[in-house]
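A.B. asks: Quick one: this structure, given as C-alpha cells, is what I'll be asking you about.
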Amino acid sequence: MMLDYNSLLLALGVSATCLTLTALGSWLARRAETFLLTCTVGLVLVVSGIFTYVFYVEQPGRLLGAANFVLLHGGFATIWGAGYQFRTNRLPLWGIVIRAFLAMASAVPSMIVGLDGLAFMADNLAIAFLLFATARQYWLGRAEAPAPLTGITALYTLTAISFVLCAAVLISDGRLVLGAAPKNWAEDLSLAMCIAGMTGIGALSLALHQWRLAARHRIDAITDPLTGLLNRRALFDRHGTRAMGASTAVIVFDIDHFKSVNDRYGHAAGDHVLKVFAGELSANCRNGDTAARLGGEEFALVLKEIMPGRAELAAERIRKAFEDRDIYIEDEVLKCTVSVGVAPGRSKPLDFDAMLNEADKALYVAKRGGRNRVELASHLHSVPAGVVRSAS
C-alpha cells in the first residue's frame with residue numbers, strides 16, 4: 001500500500017528530527033566540533049518548517065505558507081553555514097543571514113500577495129540553491145575523509161535536484177495561483193529523496209564524527225601538548241628505523257639555565273619560554289624537516305636534503321634568534337639562550353639513534369664550553385656564539 005502525501009510529510013519530519021538529535025548528540029560528545037551545533041540549529045528550523053507545512057497542507061493560508069518559507073529558508077541557510085564551518089572552522093554568520101534573506105525575499109512576498117504558485121516555484125529553486133551550495137562545501141573539504149564526505153555531497157546534490165524537479169513541474173504547469181499545496185509526482189519524489197537523504201546524511205555524519213575523533217586521538221598521541229610540536233615518540237616513529245644519509249642532519253637544543261627560570265619566575269613562565277623557543281624552531285622548519293620536543297627543555301630538529309655545512313648555519317640562526325628575543329614575564333623582560341649540538345650527515349649512513357647520540361654528545365660539549373653556542377659532532381668543532389664554521 002502506497003503512503004499518502006501527509007504520511008510522507010510526517011515521515012520526513014520524523015527523519016529530520018532524528019538527524020537533529022544525531023547532530024546534537026555528536027556535538028555534546030565533542031564540544032569542539034561547533035559546526036555540529038550550527039547544523040543542529042539549522043535542522044531545528046527545518047523540522048519546524050516541515051511541521052508548519054503539514055498544517056499548511058491541511059489548511060492553506062498565506063501567513064502559514066510564509067512562515068513555512070521563513071523557517072525552511074533560514075534552516076537550509078544555517079545548514080549551509082554548518083558546511084562552511086566544517087571546512088574552515090569559521091561561522092559565516094553574515095553569509096547565513098544574506099542567503100536566508102535572499103531565499104525568503106524570492107518567495108515570501110509572492111505568498112503574501114496570494115501568488116502561491118509563483119511562491120512555490122521560487123521556494124523550490126531557493127532550497128535547491130542552498131542545498132547545492134551545501135554540497136559544494138562538503139565536496140571542497142572531501143580530502144579530510146573522502147568516503148563519507150563524498151557520500152554526504154552526493155546526498156545533498158540529489159536532494160537539491162529533487163527540488164529543481166518540483167520547480168520545473170510547477171513552471172511547466174504555469175499557474176501562478178494554486179490555492180493549495182502543490183501535489184504531483186515531483187513532490188512525492190522529492191519527499192522520498194529527502195527522507196532517504198536525511199537518513200543517509202545522518203549515518204554518514206556519525207561515521208565522519210567517529211573518523212574525526214579517531215584522527216584527533218592520533219594527533220594527540222604524537223603531539224606535545226604544551227608546544228604543539230611532535231613528541232619524542234613521534235620523532236622515533238618517523239625516523240627511528242631509517243638510515244640517515246649524507247644529506248640529513250640531526251640538531252639537539254637545550255635551553256640554558258632553564259631550572260633557574262622555573263625557580264625564579266614559576267613554572268608558567270618556564271612554559272612560556274618553552275613555547276617561545278618552539279615557535280623559533282617551527283619558524284625555521286622547511287617542508288620535510290621535523291621539529292620535536294624530546295622532553296623538559298630539550299628539543300630536536302631533523303633536517304632533510306641539507307647541503308654540507310648548512311646544518312650548523314641553521315642551528316646558529318635559531319640560536320641567535322632565540323638569544324635576541326625579548327621574553328616578557330609579567331613586568332620583566334627575560335633573555336634566554338640555548339646550547340646546540342649538531343650531527344651532520346656522513347657518507348656512511350648511520351641509524352637515527354646513533355645520529356641523535358652524536359648530537360647529544362656535541363650538546364654536552366657546548367654546555368661545558370660555556371653554553372649559548374653551537375657544537376659540531378663530526379670532529380666536535382666548537383662554534384662559539386656569533387661564529388659559524390663549516391664542518392671539516
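Labeling convention for the C-alpha cells: chains A, B, ... as they appear, residues from 1 per chain, ligands from 1 in order of appearance.
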Per DSSP on the backbone, filter range 307-384 of chain A down to the residues in strand (DSSP E or B) and report them as a list in words.
C.D. replies: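 Across range 307-384 of chain A, those assigned strand (DSSP E or B) are Ile327, Tyr328, Ile329, Glu332, Val333, Leu334, Val338, Ser339, Val340, Gly341, Val342, Ala343, Leu350, Asp351, Val374, Glu375, Leu376, His381, Ser382 and Val383 of chain A.
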A.B. asks: Given the selection you just returned, output its residues as a file containing C-alpha atoms, formatted as a PDB file, in the first residue's frame.
C.D. replies:
ATOM      1  CA  ILE A 327      60.506  37.331  26.512  1.00  0.00           C
ATOM      2  CA  TYR A 328      58.020  39.234  28.641  1.00  0.00           C
ATOM      3  CA  ILE A 329      57.380  37.752  32.083  1.00  0.00           C
ATOM      4  CA  GLU A 332      60.205  41.964  33.345  1.00  0.00           C
ATOM      5  CA  VAL A 333      61.955  41.249  30.068  1.00  0.00           C
ATOM      6  CA  LEU A 334      63.739  37.921  30.150  1.00  0.00           C
ATOM      7  CA  VAL A 338      70.199  27.830  24.064  1.00  0.00           C
ATOM      8  CA  SER A 339      73.074  25.386  23.631  1.00  0.00           C
ATOM      9  CA  VAL A 340      73.134  23.310  20.449  1.00  0.00           C
ATOM     10  CA  GLY A 341      74.656  20.066  19.269  1.00  0.00           C
ATOM     11  CA  VAL A 342      74.752  19.269  15.553  1.00  0.00           C
ATOM     12  CA  ALA A 343      75.297  15.838  13.976  1.00  0.00           C
ATOM     13  CA  LEU A 350      74.012   5.867  10.417  1.00  0.00           C
ATOM     14  CA  ASP A 351      70.743   4.977  12.076  1.00  0.00           C
ATOM     15  CA  VAL A 374      76.734  25.534  18.616  1.00  0.00           C
ATOM     16  CA  GLU A 375      78.941  22.444  18.720  1.00  0.00           C
ATOM     17  CA  LEU A 376      79.539  20.244  15.704  1.00  0.00           C
ATOM     18  CA  HIS A 381      84.309  21.531  16.337  1.00  0.00           C
ATOM     19  CA  SER A 382      83.228  24.349  18.648  1.00  0.00           C
ATOM     20  CA  VAL A 383      81.106  27.049  17.066  1.00  0.00           C
TER      21      VAL A 383
END
A.B. asks: Enter the distance from CA of Thr38 in chain A to CA of Gly228 in chain A, in Å, rounded to one decimal.
C.D. replies: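 Those two atoms sit 27.9 Å apart.
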A.B. asks: Give me, please, the distance in Å between CA of Asp237 in chain A and CA of Lys275 in chain A, quoted to one decimal.
C.D. replies: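 CA of Asp237 in chain A sits 23.2 Å away from CA of Lys275 in chain A.
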A.B. asks: Calculated over only C-alpha atoms, which of the candidates A:Ile112, A:Leu176, A:Ala311, A:Ala82 has the smallest distance to Leu131 in chain A?
C.D. replies: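 Using only C-alpha atoms, the shortest distance to Leu131 in chain A belongs to A:Ala82.
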A.B. asks: Using only C-alpha atoms, which residues sit within 9 Å of Glu144 in chain A once same-chain residues fewer than 3 positions away are excluded, as a count of residues only?
C.D. replies: 3
A.B. asks: Excluding same-chain residues fewer than 5 positions from range 281-288 of chain A, what lies within 9 Å of it counting only C-alpha atoms, as a list in words?
C.D. replies: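 These residues fall inside the cut-off: Leu229, Val276, Phe299, Ala300, Leu301, Val302, Leu303, Lys304, Glu305, Ala314, Arg317 and Ile318 of chain A.
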A.B. asks: Could you list, as a list in words, every residue within 12 Å of Thr52 in chain A, counting only C-alpha atoms and ignoring same-chain residues fewer than 6 positions away?
C.D. replies: Leu9, Leu10, Gly13, Leu45, Val46, Glu58, Gln59, Pro60, Gly61, Leu63, Leu64, Gly65, Ala66, Ala67, Asn68, Phe69, Val70, Leu71 and Leu72 of chain A
A.B. asks: Show which residues sit within 12 Å of His272 in chain A, as a list in words. Count only C-alpha atoms, and ignore same-chain residues fewer than 6 positions away.
C.D. replies: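 Answer for this query is Leu226, Thr227, Phe258, Val261, Asn262, Tyr265, Gly266, Ala278, Gly279, Glu297, Asp326, Ile327, Tyr328, Ile329, Glu330, Leu334 and Cys336 of chain A.
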A.B. asks: Mind checking which residues fall within 9 Å of range 116-125 of chain A, counting only C-alpha atoms, ignoring those fewer than 2 positions away in the same chain, and posting them as a ChimeraX atom specification?
C.D. replies: /A:62,65,69,73,103-104,106-114,127-130,160,163-171,174-182
